[in-house]
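One file, upload-v4.pdb, is given below (PDB, C-alpha atoms and all ligand atoms).
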```pdb
ATOM      1  CA  MET C   1       3.429  12.603  31.049
ATOM      2  CA  THR C   2       2.205   9.153  29.989
ATOM      3  CA  GLU C   3      -0.685   9.348  27.538
ATOM      4  CA  TYR C   4      -3.878   7.481  28.470
ATOM      5  CA  LYS C   5      -4.630   4.606  26.118
ATOM      6  CA  ALA C   6      -7.898   2.658  26.282
ATOM      7  CA  PRO C   7      -7.296  -1.022  27.072
ATOM      8  CA  ARG C   8      -8.447  -2.194  23.618
ATOM      9  CA  ASN C   9      -6.477   0.508  21.827
ATOM     10  CA  LYS C  10      -3.843  -1.386  19.837
ATOM     11  CA  THR C  11      -2.351   1.664  18.061
ATOM     12  CA  ILE C  12       1.405   1.284  17.632
ATOM     13  CA  VAL C  13       3.102   4.223  19.330
ATOM     14  CA  LEU C  14       6.724   5.248  19.892
ATOM     15  CA  THR C  15       8.502   6.719  22.881
ATOM     16  CA  PRO C  16      10.995   9.483  21.938
ATOM     17  CA  ARG C  17      13.875   7.157  22.870
ATOM     18  CA  GLU C  18      12.484   4.343  20.747
ATOM     19  CA  GLU C  19      12.045   6.692  17.790
ATOM     20  CA  THR C  20      15.679   7.773  17.986
ATOM     21  CA  ALA C  21      16.985   4.212  18.327
ATOM     22  CA  LEU C  22      14.836   2.808  15.507
ATOM     23  CA  ALA C  23      15.618   5.647  13.092
ATOM     24  CA  ARG C  24      19.340   4.842  13.458
ATOM     25  CA  ARG C  25      18.658   1.570  11.625
ATOM     26  CA  ALA C  26      17.433   3.403   8.531
ATOM     27  CA  VAL C  27      19.674   3.843   5.497
ATOM     28  CA  LYS C  28      20.852   7.245   4.244
ATOM     29  CA  PHE C  29      22.593   7.717   0.925
ATOM     30  CA  ALA C  30      25.484  10.116   0.450
ATOM     31  CA  PRO C  31      28.030  10.652  -2.318
ATOM     32  CA  GLN C  32      30.881   8.135  -2.153
ATOM     33  CA  LYS C  33      29.100   6.125   0.543
ATOM     34  CA  LYS C  34      28.603   2.536  -0.544
ATOM     35  CA  ILE C  35      25.544   0.773   0.823
ATOM     36  CA  GLU C  36      26.107  -2.942   0.491
ATOM     37  CA  LYS C  37      22.646  -4.283   1.057
ATOM     38  CA  LEU C  38      19.453  -2.615  -0.060
ATOM     39  CA  ASP C  39      17.192  -5.602   0.561
ATOM     40  CA  ASN C  40      14.685  -5.210   3.362
ATOM     41  CA  ARG C  41      15.697  -1.671   4.265
ATOM     42  CA  ILE C  42      13.931   1.604   4.955
ATOM     43  CA  ILE C  43      15.659   4.681   3.555
ATOM     44  CA  TRP C  44      15.211   7.834   5.636
ATOM     45  CA  GLN C  45      15.542  10.523   3.010
ATOM     46  CA  ASP C  46      13.747  12.629   0.451
ATOM     47  CA  THR C  47      12.678  10.326  -2.339
ATOM     48  CA  PHE C  48      13.846  12.764  -5.037
ATOM     49  CA  TYR C  49      17.353  12.536  -3.605
ATOM     50  CA  ALA C  50      17.390   8.815  -2.775
ATOM     51  CA  LEU C  51      16.041   7.594  -6.131
ATOM     52  CA  ARG C  52      19.255   8.531  -7.956
ATOM     53  CA  TYR C  53      21.225   6.061  -5.798
ATOM     54  CA  LEU C  54      19.073   3.038  -6.568
ATOM     55  CA  PRO C  55      20.368   0.474  -9.071
ATOM     56  CA  ASP C  56      18.833  -0.141 -12.489
ATOM     57  CA  ASN C  57      16.340  -3.004 -12.916
ATOM     58  CA  PHE C  58      16.099  -3.974  -9.271
ATOM     59  CA  ALA C  59      12.373  -3.878  -8.403
ATOM     60  CA  ASP C  60       9.736  -6.406  -9.500
ATOM     61  CA  LEU C  61       6.825  -4.401  -8.157
ATOM     62  CA  MET C  62       6.321  -0.757  -7.178
ATOM     63  CA  VAL C  63       3.426   0.137  -4.897
ATOM     64  CA  VAL C  64       3.093   3.902  -4.520
ATOM     65  CA  ASP C  65       0.829   5.818  -2.193
ATOM     66  CA  PRO C  66       1.983   9.372  -2.878
ATOM     67  CA  PRO C  67       0.577  12.462  -1.147
ATOM     68  CA  TYR C  68      -2.715  13.237  -2.888
ATOM     69  CA  ASN C  69      -3.296  16.775  -4.081
ATOM     70  CA  LEU C  70      -4.584  17.878  -0.675
ATOM     71  CA  THR C  71      -3.040  19.996   2.045
ATOM     72  CA  LYS C  72      -1.884  17.421   4.574
ATOM     73  CA  ASN C  73       0.384  17.535   7.563
ATOM     74  CA  PHE C  74       2.902  14.695   7.339
ATOM     75  CA  GLY C  75       4.818  15.088  10.595
ATOM     76  CA  LYS C  76       7.217  18.001  10.194
ATOM     77  CA  ASN C  77       6.391  18.579   6.509
ATOM     78  CA  VAL C  78       3.158  19.844   5.025
ATOM     79  CA  PHE C  79       2.158  18.754   1.531
ATOM     80  CA  ARG C  80       0.329  21.742   0.006
ATOM     81  CA  GLN C  81      -2.594  21.425  -2.367
ATOM     82  CA  THR C  82      -1.833  23.054  -5.669
ATOM     83  CA  ASP C  83      -3.382  23.400  -9.127
ATOM     84  CA  MET C  84      -3.609  20.217 -11.175
ATOM     85  CA  ALA C  85      -0.969  21.294 -13.685
ATOM     86  CA  THR C  86       1.598  21.726 -10.891
ATOM     87  CA  TYR C  87       0.561  18.463  -9.234
ATOM     88  CA  LYS C  88       1.018  16.680 -12.584
ATOM     89  CA  LYS C  89       4.524  18.110 -12.883
ATOM     90  CA  TRP C  90       5.314  16.930  -9.351
ATOM     91  CA  LEU C  91       4.028  13.422 -10.190
ATOM     92  CA  ASP C  92       6.102  13.347 -13.343
ATOM     93  CA  ARG C  93       9.257  14.465 -11.518
ATOM     94  CA  TRP C  94       9.450  11.371  -9.319
ATOM     95  CA  LEU C  95       7.630   8.865 -11.544
ATOM     96  CA  SER C  96      10.023   9.450 -14.453
ATOM     97  CA  LYS C  97      12.927   8.622 -12.110
ATOM     98  CA  THR C  98      11.445   5.261 -11.115
ATOM     99  CA  VAL C  99      11.339   3.804 -14.631
ATOM    100  CA  ARG C 100      15.005   2.793 -14.794
ATOM    101  CA  ILE C 101      14.926   1.021 -11.423
ATOM    102  CA  LEU C 102      12.024  -1.253 -12.381
ATOM    103  CA  LYS C 103      12.646  -4.589 -14.074
ATOM    104  CA  PRO C 104      11.264  -4.992 -17.625
ATOM    105  CA  ASN C 105       8.474  -7.260 -16.333
ATOM    106  CA  ALA C 106       7.634  -5.065 -13.304
ATOM    107  CA  SER C 107       4.166  -3.967 -12.236
ATOM    108  CA  VAL C 108       3.222  -0.577 -10.790
ATOM    109  CA  TYR C 109       0.280   0.441  -8.606
ATOM    110  CA  ILE C 110      -0.429   4.104  -7.824
ATOM    111  CA  CYS C 111      -2.997   5.129  -5.198
ATOM    112  CA  SER C 112      -5.174   8.225  -5.551
ATOM    113  CA  ASP C 113      -8.321   9.934  -4.390
ATOM    114  CA  TRP C 114     -11.020  10.860  -6.911
ATOM    115  CA  GLN C 115      -9.298  14.132  -7.804
ATOM    116  CA  SER C 116      -5.689  13.022  -8.211
ATOM    117  CA  SER C 117      -7.130  10.024 -10.049
ATOM    118  CA  LEU C 118      -8.012  12.363 -12.913
ATOM    119  CA  VAL C 119      -4.358  12.948 -13.784
ATOM    120  CA  ILE C 120      -2.455   9.811 -12.767
ATOM    121  CA  PRO C 121      -3.138   7.768 -15.927
ATOM    122  CA  GLU C 122      -2.198  10.763 -18.059
ATOM    123  CA  VAL C 123       1.223  11.056 -16.430
ATOM    124  CA  ALA C 124       2.000   7.383 -15.820
ATOM    125  CA  SER C 125       0.920   6.225 -19.293
ATOM    126  CA  LYS C 126       3.956   8.079 -20.639
ATOM    127  CA  TYR C 127       6.125   5.394 -19.021
ATOM    128  CA  PHE C 128       3.952   2.336 -18.412
ATOM    129  CA  VAL C 129       1.175   0.242 -19.968
ATOM    130  CA  LEU C 130      -2.147   1.001 -18.318
ATOM    131  CA  ARG C 131      -3.893  -2.235 -17.261
ATOM    132  CA  ASN C 132      -6.738  -1.317 -14.951
ATOM    133  CA  ARG C 133      -8.239   0.983 -12.352
ATOM    134  CA  ILE C 134      -9.236  -0.497  -9.016
ATOM    135  CA  SER C 135     -11.770   1.529  -7.055
ATOM    136  CA  TRP C 136     -12.148   0.743  -3.380
ATOM    137  CA  GLU C 137     -14.538   2.001  -0.774
ATOM    138  CA  ARG C 138     -13.099   3.729   2.313
ATOM    139  CA  GLU C 139     -15.956   3.217   4.696
ATOM    140  CA  LYS C 140     -14.481   6.043   6.824
ATOM    141  CA  GLY C 141     -15.300   8.729   4.259
ATOM    142  CA  ARG C 142     -14.635  12.382   4.966
ATOM    143  CA  ALA C 143     -17.990  14.042   5.746
ATOM    144  CA  ALA C 144     -19.199  16.976   3.664
ATOM    145  CA  ALA C 145     -22.023  19.435   4.360
ATOM    146  CA  ASN C 146     -22.920  20.197   0.751
ATOM    147  CA  ASN C 147     -21.431  17.386  -1.265
ATOM    148  CA  TRP C 148     -21.400  13.590  -1.441
ATOM    149  CA  LYS C 149     -19.249  12.020   1.255
ATOM    150  CA  ASN C 150     -15.885  11.160  -0.203
ATOM    151  CA  CYS C 151     -15.557   7.377   0.106
ATOM    152  CA  LEU C 152     -13.854   6.435  -3.140
ATOM    153  CA  GLU C 153     -10.181   5.803  -3.747
ATOM    154  CA  ASP C 154      -8.537   4.501  -6.892
ATOM    155  CA  ILE C 155      -5.465   2.396  -7.449
ATOM    156  CA  TRP C 156      -4.133   2.634 -10.987
ATOM    157  CA  TYR C 157      -2.493  -0.555 -12.251
ATOM    158  CA  PHE C 158       0.291  -0.474 -14.846
ATOM    159  CA  THR C 159       2.986  -2.807 -16.095
ATOM    160  CA  LYS C 160       6.292  -1.887 -17.638
ATOM    161  CA  SER C 161       5.756  -4.176 -20.632
ATOM    162  CA  ASP C 162       3.390  -6.879 -21.848
ATOM    163  CA  GLU C 163       5.250  -9.492 -19.820
ATOM    164  CA  PHE C 164       4.234  -9.412 -16.190
ATOM    165  CA  THR C 165       3.173 -11.503 -13.200
ATOM    166  CA  PHE C 166      -0.493 -11.887 -12.299
ATOM    167  CA  ASN C 167      -1.345 -14.596  -9.747
ATOM    168  CA  LEU C 168      -5.118 -14.794 -10.044
ATOM    169  CA  GLU C 169      -5.458 -17.828  -7.766
ATOM    170  CA  ALA C 170      -3.704 -15.985  -4.927
ATOM    171  CA  VAL C 171      -6.296 -13.204  -4.795
ATOM    172  CA  LYS C 172      -9.559 -15.017  -5.286
ATOM    173  CA  VAL C 173     -12.246 -13.766  -2.923
ATOM    174  CA  GLN C 174     -14.593 -15.760  -0.743
ATOM    175  CA  ARG C 175     -18.301 -15.110  -1.234
ATOM    176  CA  LYS C 176     -21.319 -16.580   0.489
ATOM    177  CA  VAL C 177     -23.486 -18.424  -2.050
ATOM    178  CA  LEU C 178     -27.067 -17.210  -1.830
ATOM    179  CA  ALA C 179     -28.534 -19.724  -4.304
ATOM    180  CA  PRO C 180     -26.383 -22.886  -4.110
ATOM    181  CA  TYR C 181     -26.902 -24.629  -7.433
ATOM    182  CA  ARG C 182     -26.472 -28.427  -7.626
ATOM    183  CA  ASP C 183     -25.956 -30.487 -10.766
ATOM    184  CA  THR C 184     -28.198 -33.427 -11.700
ATOM    185  CA  GLN C 185     -26.152 -35.739  -9.433
ATOM    186  CA  GLY C 186     -26.757 -33.350  -6.492
ATOM    187  CA  ALA C 187     -23.149 -32.158  -6.373
ATOM    188  CA  PRO C 188     -22.334 -28.456  -5.732
ATOM    189  CA  LYS C 189     -21.824 -26.721  -9.074
ATOM    190  CA  ASP C 190     -19.197 -24.074  -8.337
ATOM    191  CA  TRP C 191     -19.185 -23.742  -4.557
ATOM    192  CA  GLN C 192     -18.042 -25.665  -1.526
ATOM    193  CA  GLU C 193     -18.978 -26.106   2.108
ATOM    194  CA  THR C 194     -16.504 -24.254   4.389
ATOM    195  CA  ASP C 195     -17.099 -24.111   8.179
ATOM    196  CA  GLY C 196     -20.737 -25.054   7.613
ATOM    197  CA  GLN C 197     -21.215 -22.209   5.093
ATOM    198  CA  LYS C 198     -21.695 -22.490   1.357
ATOM    199  CA  MET C 199     -18.882 -20.506  -0.232
ATOM    200  CA  ARG C 200     -17.619 -19.690  -3.689
ATOM    201  CA  TYR C 201     -14.068 -18.614  -4.543
ATOM    202  CA  THR C 202     -14.333 -16.115  -7.280
ATOM    203  CA  ALA C 203     -12.050 -13.906  -9.375
ATOM    204  CA  PRO C 204     -11.734 -10.458  -7.807
ATOM    205  CA  SER C 205     -13.184  -7.509  -9.687
ATOM    206  CA  ASN C 206     -11.791  -3.985  -9.833
ATOM    207  CA  ILE C 207     -14.313  -2.760  -7.235
ATOM    208  CA  TRP C 208     -13.315  -3.584  -3.680
ATOM    209  CA  THR C 209     -15.805  -3.171  -0.855
ATOM    210  CA  ASP C 210     -14.151  -5.478   1.672
ATOM    211  CA  ILE C 211     -11.490  -3.098   2.979
ATOM    212  CA  THR C 212     -11.364  -1.645   6.484
ATOM    213  CA  VAL C 213      -9.274   1.491   6.991
ATOM    214  CA  PRO C 214      -7.028   0.985  10.063
ATOM    215  CA  PHE C 215      -8.524   2.301  13.289
ATOM    216  CA  TRP C 216      -7.546   2.266  16.965
ATOM    217  CA  SER C 217      -8.483  -1.318  17.848
ATOM    218  CA  MET C 218      -6.639  -2.861  14.899
ATOM    219  CA  PRO C 219      -3.099  -4.060  15.653
ATOM    220  CA  GLU C 220      -1.739  -2.537  12.438
ATOM    221  CA  ASN C 221      -2.920   0.979  13.353
ATOM    222  CA  THR C 222      -0.400   3.801  13.837
ATOM    223  CA  GLU C 223      -0.654   7.576  14.151
ATOM    224  CA  HIS C 224       0.222   8.074  10.490
ATOM    225  CA  PRO C 225      -2.552  10.281   9.026
ATOM    226  CA  THR C 226      -3.050   8.341   5.781
ATOM    227  CA  GLN C 227      -2.054   4.771   6.580
ATOM    228  CA  LYS C 228      -3.192   2.177   4.031
ATOM    229  CA  PRO C 229      -4.765  -1.116   5.177
ATOM    230  CA  GLU C 230      -2.472  -4.160   5.097
ATOM    231  CA  LYS C 231      -5.234  -6.204   3.460
ATOM    232  CA  LEU C 232      -5.440  -3.768   0.537
ATOM    233  CA  ILE C 233      -1.699  -3.882  -0.102
ATOM    234  CA  ALA C 234      -1.641  -7.680   0.361
ATOM    235  CA  LYS C 235      -3.934  -8.092  -2.655
ATOM    236  CA  LEU C 236      -1.574  -6.049  -4.849
ATOM    237  CA  ILE C 237       1.558  -7.842  -3.670
ATOM    238  CA  LEU C 238       0.058 -11.330  -3.963
ATOM    239  CA  ALA C 239      -1.299 -10.678  -7.452
ATOM    240  CA  SER C 240       1.724  -8.946  -8.918
ATOM    241  CA  SER C 241       4.800 -10.511  -7.330
ATOM    242  CA  ASN C 242       6.195 -13.880  -6.367
ATOM    243  CA  ALA C 243       7.936 -15.047  -3.200
ATOM    244  CA  GLY C 244      11.420 -13.507  -2.991
ATOM    245  CA  ASP C 245      10.617 -10.636  -5.400
ATOM    246  CA  MET C 246      11.619  -7.054  -4.570
ATOM    247  CA  VAL C 247       8.730  -4.733  -3.703
ATOM    248  CA  PHE C 248       9.552  -1.026  -3.745
ATOM    249  CA  ASP C 249       7.637   1.931  -2.280
ATOM    250  CA  PRO C 250       9.080   5.445  -2.708
ATOM    251  CA  PHE C 251       6.626   7.044  -0.191
ATOM    252  CA  VAL C 252       6.434   4.269   2.389
ATOM    253  CA  GLY C 253       4.964   6.291   5.299
ATOM    254  CA  SER C 254       4.348   4.038   8.301
ATOM    255  CA  GLY C 255       5.721   1.103   6.301
ATOM    256  CA  THR C 256       2.591  -0.739   5.152
ATOM    257  CA  THR C 257       4.041  -1.912   1.815
ATOM    258  CA  ALA C 258       7.273  -3.055   3.477
ATOM    259  CA  VAL C 259       5.460  -4.817   6.322
ATOM    260  CA  VAL C 260       3.088  -6.676   4.007
ATOM    261  CA  ALA C 261       5.921  -7.616   1.649
ATOM    262  CA  LYS C 262       7.803  -9.084   4.605
ATOM    263  CA  LYS C 263       4.738 -10.958   5.863
ATOM    264  CA  LEU C 264       4.242 -12.458   2.407
ATOM    265  CA  GLY C 265       7.872 -13.546   1.933
ATOM    266  CA  ARG C 266       8.906 -10.814  -0.504
ATOM    267  CA  ARG C 267      11.931  -8.515  -0.207
ATOM    268  CA  PHE C 268      11.272  -4.800   0.185
ATOM    269  CA  LEU C 269      12.730  -1.323   0.019
ATOM    270  CA  GLY C 270      10.892   1.781   1.213
ATOM    271  CA  ILE C 271      11.728   5.487   1.234
ATOM    272  CA  GLU C 272      10.296   7.997   3.701
ATOM    273  CA  ARG C 273      11.551  11.425   4.772
ATOM    274  CA  GLU C 274       9.819  11.800   8.160
ATOM    275  CA  ARG C 275      11.830  10.348  11.028
ATOM    276  CA  LYS C 276       8.748   9.385  13.037
ATOM    277  CA  TYR C 277       7.241   7.388  10.170
ATOM    278  CA  VAL C 278      10.575   5.730   9.415
ATOM    279  CA  ALA C 279      10.738   4.612  13.042
ATOM    280  CA  LEU C 280       7.121   3.420  12.949
ATOM    281  CA  ALA C 281       7.864   1.395   9.809
ATOM    282  CA  LEU C 282      10.872  -0.218  11.489
ATOM    283  CA  LYS C 283       8.842  -0.971  14.611
ATOM    284  CA  ARG C 284       6.083  -2.564  12.528
ATOM    285  CA  LEU C 285       8.688  -4.660  10.721
ATOM    286  CA  ASP C 286       9.944  -5.930  14.114
ATOM    287  CA  ILE C 287       6.386  -6.718  15.197
ATOM    288  CA  ALA C 288       5.853  -8.651  11.949
ATOM    289  CA  ASP C 289       8.577 -11.101  13.016
ATOM    290  CA  ALA C 290       6.486 -12.112  16.017
ATOM    291  CA  ASN C 291       3.099 -11.775  14.342
ATOM    292  CA  PRO C 292       2.981 -12.167  10.559
ATOM    293  CA  ALA C 293      -0.846 -12.142  10.441
ATOM    294  CA  ILE C 294      -2.643  -9.800   8.041
ATOM    295  CA  GLN C 295      -6.062  -8.838   9.351
ATOM    296  CA  GLY C 296      -8.772  -9.973   6.944
ATOM    297  CA  TYR C 297      -6.527 -12.512   5.166
ATOM    298  CA  GLU C 298      -6.461 -15.982   6.637
ATOM    299  CA  ASN C 299      -5.178 -19.300   5.285
ATOM    300  CA  GLY C 300      -4.788 -17.822   1.840
ATOM    301  CA  VAL C 301      -8.329 -16.417   1.772
ATOM    302  CA  PHE C 302      -9.513 -12.792   1.860
ATOM    303  CA  LYS C 303     -12.366 -12.489   4.340
ATOM    304  CA  GLY C 304     -15.231  -9.991   4.192
ATOM    305  CA  ARG C 305     -14.991  -6.515   5.693
ATOM    306  CA  ASN C 306     -14.672  -6.107   9.479
ATOM    307  CA  THR C 307     -14.106  -9.748  10.323
ATOM    308  CA  ALA C 308     -12.284 -10.080  13.660
ATOM    309  CA  ASP C 309      -8.998 -11.144  12.078
TER     310      ASP C 309
HETATM  311  C1  LIG K 401       0.183   8.979   1.589
HETATM  312  S1  LIG K 401       1.522   8.781   2.662
HETATM  313  C2  LIG K 401       1.946   7.060   2.545
HETATM  314  C3  LIG K 401       1.287   6.226   3.618
HETATM  315  C4  LIG K 401       1.670   4.775   3.556
HETATM  316  N1  LIG K 401       1.099   4.110   2.415
HETATM  317  C5  LIG K 401       1.250   4.042   4.827
HETATM  318  O1  LIG K 401       0.473   3.076   4.735
HETATM  319  O2  LIG K 401       1.653   4.459   5.902
HETATM  320  C6  LIG K 401       2.789   9.576   1.812
HETATM  321  C7  LIG K 401       4.096   9.625   2.577
HETATM  322  O3  LIG K 401       5.087  10.211   1.737
HETATM  323  C8  LIG K 401       5.966  10.941   2.548
HETATM  324  N2  LIG K 401       6.624  11.913   1.663
HETATM  325  C9  LIG K 401       6.066  12.996   1.065
HETATM  326  N3  LIG K 401       6.970  13.597   0.268
HETATM  327  C10 LIG K 401       8.110  12.870   0.358
HETATM  328  C11 LIG K 401       9.374  12.968  -0.252
HETATM  329  N4  LIG K 401       9.659  13.955  -1.102
HETATM  330  N5  LIG K 401      10.304  12.029   0.044
HETATM  331  C12 LIG K 401      10.028  11.020   0.907
HETATM  332  N6  LIG K 401       8.837  10.874   1.512
HETATM  333  C13 LIG K 401       7.889  11.784   1.239
HETATM  334  C14 LIG K 401       5.092  11.557   3.631
HETATM  335  O4  LIG K 401       5.840  11.872   4.784
HETATM  336  C15 LIG K 401       4.071  10.437   3.856
HETATM  337  O5  LIG K 401       4.435   9.615   4.934
END
```

Output the file's structure as structure tokens, nothing else.
Ligand SMILES: C[S@@+](CC[C@H](N)C(=O)[O-])C[C@H]1O[C@@H](n2cnc3c(N)ncnc32)[C@H](O)[C@@H]1O
Amino acid sequence: MTEYKAPRNKTIVLTPREETALARRAVKFAPQKKIEKLDNRIIWQDTFYALRYLPDNFADLMVVDPPYNLTKNFGKNVFRQTDMATYKKWLDRWLSKTVRILKPNASVYICSDWQSSLVIPEVASKYFVLRNRISWEREKGRAAANNWKNCLEDIWYFTKSDEFTFNLEAVKVQRKVLAPYRDTQGAPKDWQETDGQKMRYTAPSNIWTDITVPFWSMPENTEHPTQKPEKLIAKLILASSNAGDMVFDPFVGSGTTAVVAKKLGRRFLGIERERKYVALALKRLDIADANPAIQGYENGVFKGRNTAD
């Protein structure tokens, strides 16, 4: 039976045949099997298994969106909420295995909700230098009857050493100037006129309120239950890598990190164990060839929340 889809519903979906065909393009490691090219690939495997096959010092940037400590159905596998001590051990098990594959000047971003956020710096600081904590507002918070609605997510920022890339100019944000100040000659002080509006390009802070979580009318949307917005990942990749660098994501899900890396001219490698998500990632990567736009990022500028594109 064909599912009904509203005309403006842009959610990327897969037919069973498409899923099978796309998943065949994914990489799988096995003993004695040599994989020539790891650039721009999606590995369809358990990350704990696949990590041992990756070469030393190959990634410039790691963006990780691991399962949070919540019970969540990821396709055929369920991630089960556990006590914090066990979750910390689980974090440590994979994080410790990523250290050798990151270059000495690599950067690392780890996503979390407010609860898993409590333990991530503790675990990751064993291996990396803690640089910052970015908090961003999910405007689609999960409602609660007797608690504050949960709208906060954190992204912990680390580097492997004190030498690292940070492209501030690439992630400046556009703000409307409410009180446009002019110098004594009448010239704009620190703003400019863009499309008839007075705008300032300012250094981004570690609080982000301009992010839209993908929903049905956005072309990046898929059926993945915890898909990250392309705009969010674009900020991380632009700030902490250069064109041609290798961006690695060991829990790539529907492929957001890989897709954004491709759109921004970086190389990528992603690992995911669910066949459906692997296929979705590969489909999104195909779509990116025809349409490399990132919603909310236009001509090198990050637009405000919920702008058309
Ligand atoms: C939070 S989601 C990542 C979502 C992704 N950032 C996106 O935008 O689609 C975590 C993903 O990790 C995958 N996963 C969980 N445990 C895994 C494991 N041991 N090996 C590989 N993938 C795993 C899940 O299937 C899920 O897709």

### Message
As an exercise, work out the distance from atom CA of C:Pro188 to atom CA of C:Ala170 in Å and give it to one decimal place.
### Response
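Between atom CA of C:Pro188 and atom CA of C:Ala170 the gap works out to 22.4 Å.
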
Write out, as a tab-separated table, each residue of stretch 186-240 of chain C that has an atom at most 8 Å from stretch 116-139 of chain C, together with the closest pair of atoms and their distance in Å to one decimal, counting all atoms listed in the file, rows going by chain and rising number.
```
residue	atom	partner	partner_atom	distance
C:Asn206	CA	C:Ile134	CA	4.4
C:Ile207	CA	C:Ser135	CA	5.0
C:Trp208	CA	C:Trp136	CA	4.5
C:Thr209	CA	C:Glu137	CA	5.3
C:Asp210	CA	C:Glu137	CA	7.9
C:Ile211	CA	C:Glu137	CA	7.0
C:Thr212	CA	C:Glu139	CA	6.9
C:Val213	CA	C:Arg138	CA	6.4
```

Which residues of chain C come within 8 Å of ligand LIG 401 (chain K), and what is each one's closest atom pair and distance in Å (one decimal), counting all atoms listed in the file, sorted by chain and residue number, as JSON lines?
```
{"residue": "C:Trp44", "atom": "CA", "partner": "K:LIG401", "partner_atom": "C12", "distance": 7.7}
{"residue": "C:Gln45", "atom": "CA", "partner": "K:LIG401", "partner_atom": "C12", "distance": 5.9}
{"residue": "C:Asp46", "atom": "CA", "partner": "K:LIG401", "partner_atom": "N5", "distance": 3.5}
{"residue": "C:Thr47", "atom": "CA", "partner": "K:LIG401", "partner_atom": "N5", "distance": 3.8}
{"residue": "C:Phe48", "atom": "CA", "partner": "K:LIG401", "partner_atom": "N4", "distance": 5.9}
{"residue": "C:Tyr49", "atom": "CA", "partner": "K:LIG401", "partner_atom": "N5", "distance": 8.0}
{"residue": "C:Val64", "atom": "CA", "partner": "K:LIG401", "partner_atom": "N1", "distance": 7.2}
{"residue": "C:Asp65", "atom": "CA", "partner": "K:LIG401", "partner_atom": "N1", "distance": 4.9}
{"residue": "C:Pro66", "atom": "CA", "partner": "K:LIG401", "partner_atom": "C6", "distance": 4.8}
{"residue": "C:Pro67", "atom": "CA", "partner": "K:LIG401", "partner_atom": "C1", "distance": 4.4}
{"residue": "C:Tyr68", "atom": "CA", "partner": "K:LIG401", "partner_atom": "C1", "distance": 6.8}
{"residue": "C:Phe74", "atom": "CA", "partner": "K:LIG401", "partner_atom": "O4", "distance": 4.8}
{"residue": "C:Gly75", "atom": "CA", "partner": "K:LIG401", "partner_atom": "O4", "distance": 6.7}
{"residue": "C:Asn77", "atom": "CA", "partner": "K:LIG401", "partner_atom": "O4", "distance": 6.9}
{"residue": "C:Phe79", "atom": "CA", "partner": "K:LIG401", "partner_atom": "C9", "distance": 7.0}
{"residue": "C:His224", "atom": "CA", "partner": "K:LIG401", "partner_atom": "O2", "distance": 6.0}
{"residue": "C:Pro225", "atom": "CA", "partner": "K:LIG401", "partner_atom": "S1", "distance": 7.7}
{"residue": "C:Thr226", "atom": "CA", "partner": "K:LIG401", "partner_atom": "C3", "distance": 5.3}
{"residue": "C:Gln227", "atom": "CA", "partner": "K:LIG401", "partner_atom": "O1", "distance": 3.6}
{"residue": "C:Lys228", "atom": "CA", "partner": "K:LIG401", "partner_atom": "O1", "distance": 3.8}
{"residue": "C:Pro229", "atom": "CA", "partner": "K:LIG401", "partner_atom": "O1", "distance": 6.7}
{"residue": "C:Glu230", "atom": "CA", "partner": "K:LIG401", "partner_atom": "O1", "distance": 7.8}
{"residue": "C:Pro250", "atom": "CA", "partner": "K:LIG401", "partner_atom": "C12", "distance": 6.7}
{"residue": "C:Phe251", "atom": "CA", "partner": "K:LIG401", "partner_atom": "O3", "distance": 4.0}
{"residue": "C:Val252", "atom": "CA", "partner": "K:LIG401", "partner_atom": "C4", "distance": 4.9}
{"residue": "C:Gly253", "atom": "CA", "partner": "K:LIG401", "partner_atom": "O5", "distance": 3.4}
{"residue": "C:Ser254", "atom": "CA", "partner": "K:LIG401", "partner_atom": "O2", "distance": 3.6}
{"residue": "C:Gly255", "atom": "CA", "partner": "K:LIG401", "partner_atom": "O2", "distance": 5.3}
{"residue": "C:Thr256", "atom": "CA", "partner": "K:LIG401", "partner_atom": "O1", "distance": 4.4}
{"residue": "C:Thr257", "atom": "CA", "partner": "K:LIG401", "partner_atom": "N1", "distance": 6.7}
{"residue": "C:Ile271", "atom": "CA", "partner": "K:LIG401", "partner_atom": "C12", "distance": 5.8}
{"residue": "C:Glu272", "atom": "CA", "partner": "K:LIG401", "partner_atom": "N6", "distance": 3.9}
{"residue": "C:Arg273", "atom": "CA", "partner": "K:LIG401", "partner_atom": "C12", "distance": 4.2}
{"residue": "C:Glu274", "atom": "CA", "partner": "K:LIG401", "partner_atom": "O4", "distance": 5.2}
{"residue": "C:Tyr277", "atom": "CA", "partner": "K:LIG401", "partner_atom": "O5", "distance": 6.3}
{"residue": "C:Ala281", "atom": "CA", "partner": "K:LIG401", "partner_atom": "O2", "distance": 8.0}
```

### Query
What is the atom CA of C:Asn221-atom CA of C:Ser112 distance in Å, reported with one decimal?
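Result for atom CA of C:Asn221 versus atom CA of C:Ser112: 20.4 Å, one decimal.
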
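When the distance limit is 8 Å and all atoms listed in the file are what count, the residues near C:Ser217, minus those fewer than 2 positions from it on the same chain, are C:Arg8, C:Asn9, C:Lys10, C:Thr11, C:Phe215, C:Pro219, C:Asn221.
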
### Message
What's around C:Val108 at 9 Å? Count only C-alpha atoms, leave out sequence neighbours fewer than 4 positions away in its own chain, and write the answer as number ranges by chain.
### Response
C: 60-64, 102, 128, 156-160, 240

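We find atom CA of C:Cys151 and atom CA of C:Val260 to be spaced 23.7 Å apart.
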
### Message
Ranking C:Gln174, C:Thr15, C:Asn167, C:Asn40 by minimum distance to C:Ala261 and counting all atoms listed in the file, which one comes first?
### Response
C:Asn40

### Message
Given only C-alpha atoms as the basis, pick out the residue of C:Asn69, C:Tyr53, C:Ala144, C:Thr202 nearest to C:Trp114.
### Response
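Going through C:Asn69, C:Tyr53, C:Ala144, C:Thr202 one by one, the smallest distance to C:Trp114 is for C:Asn69.
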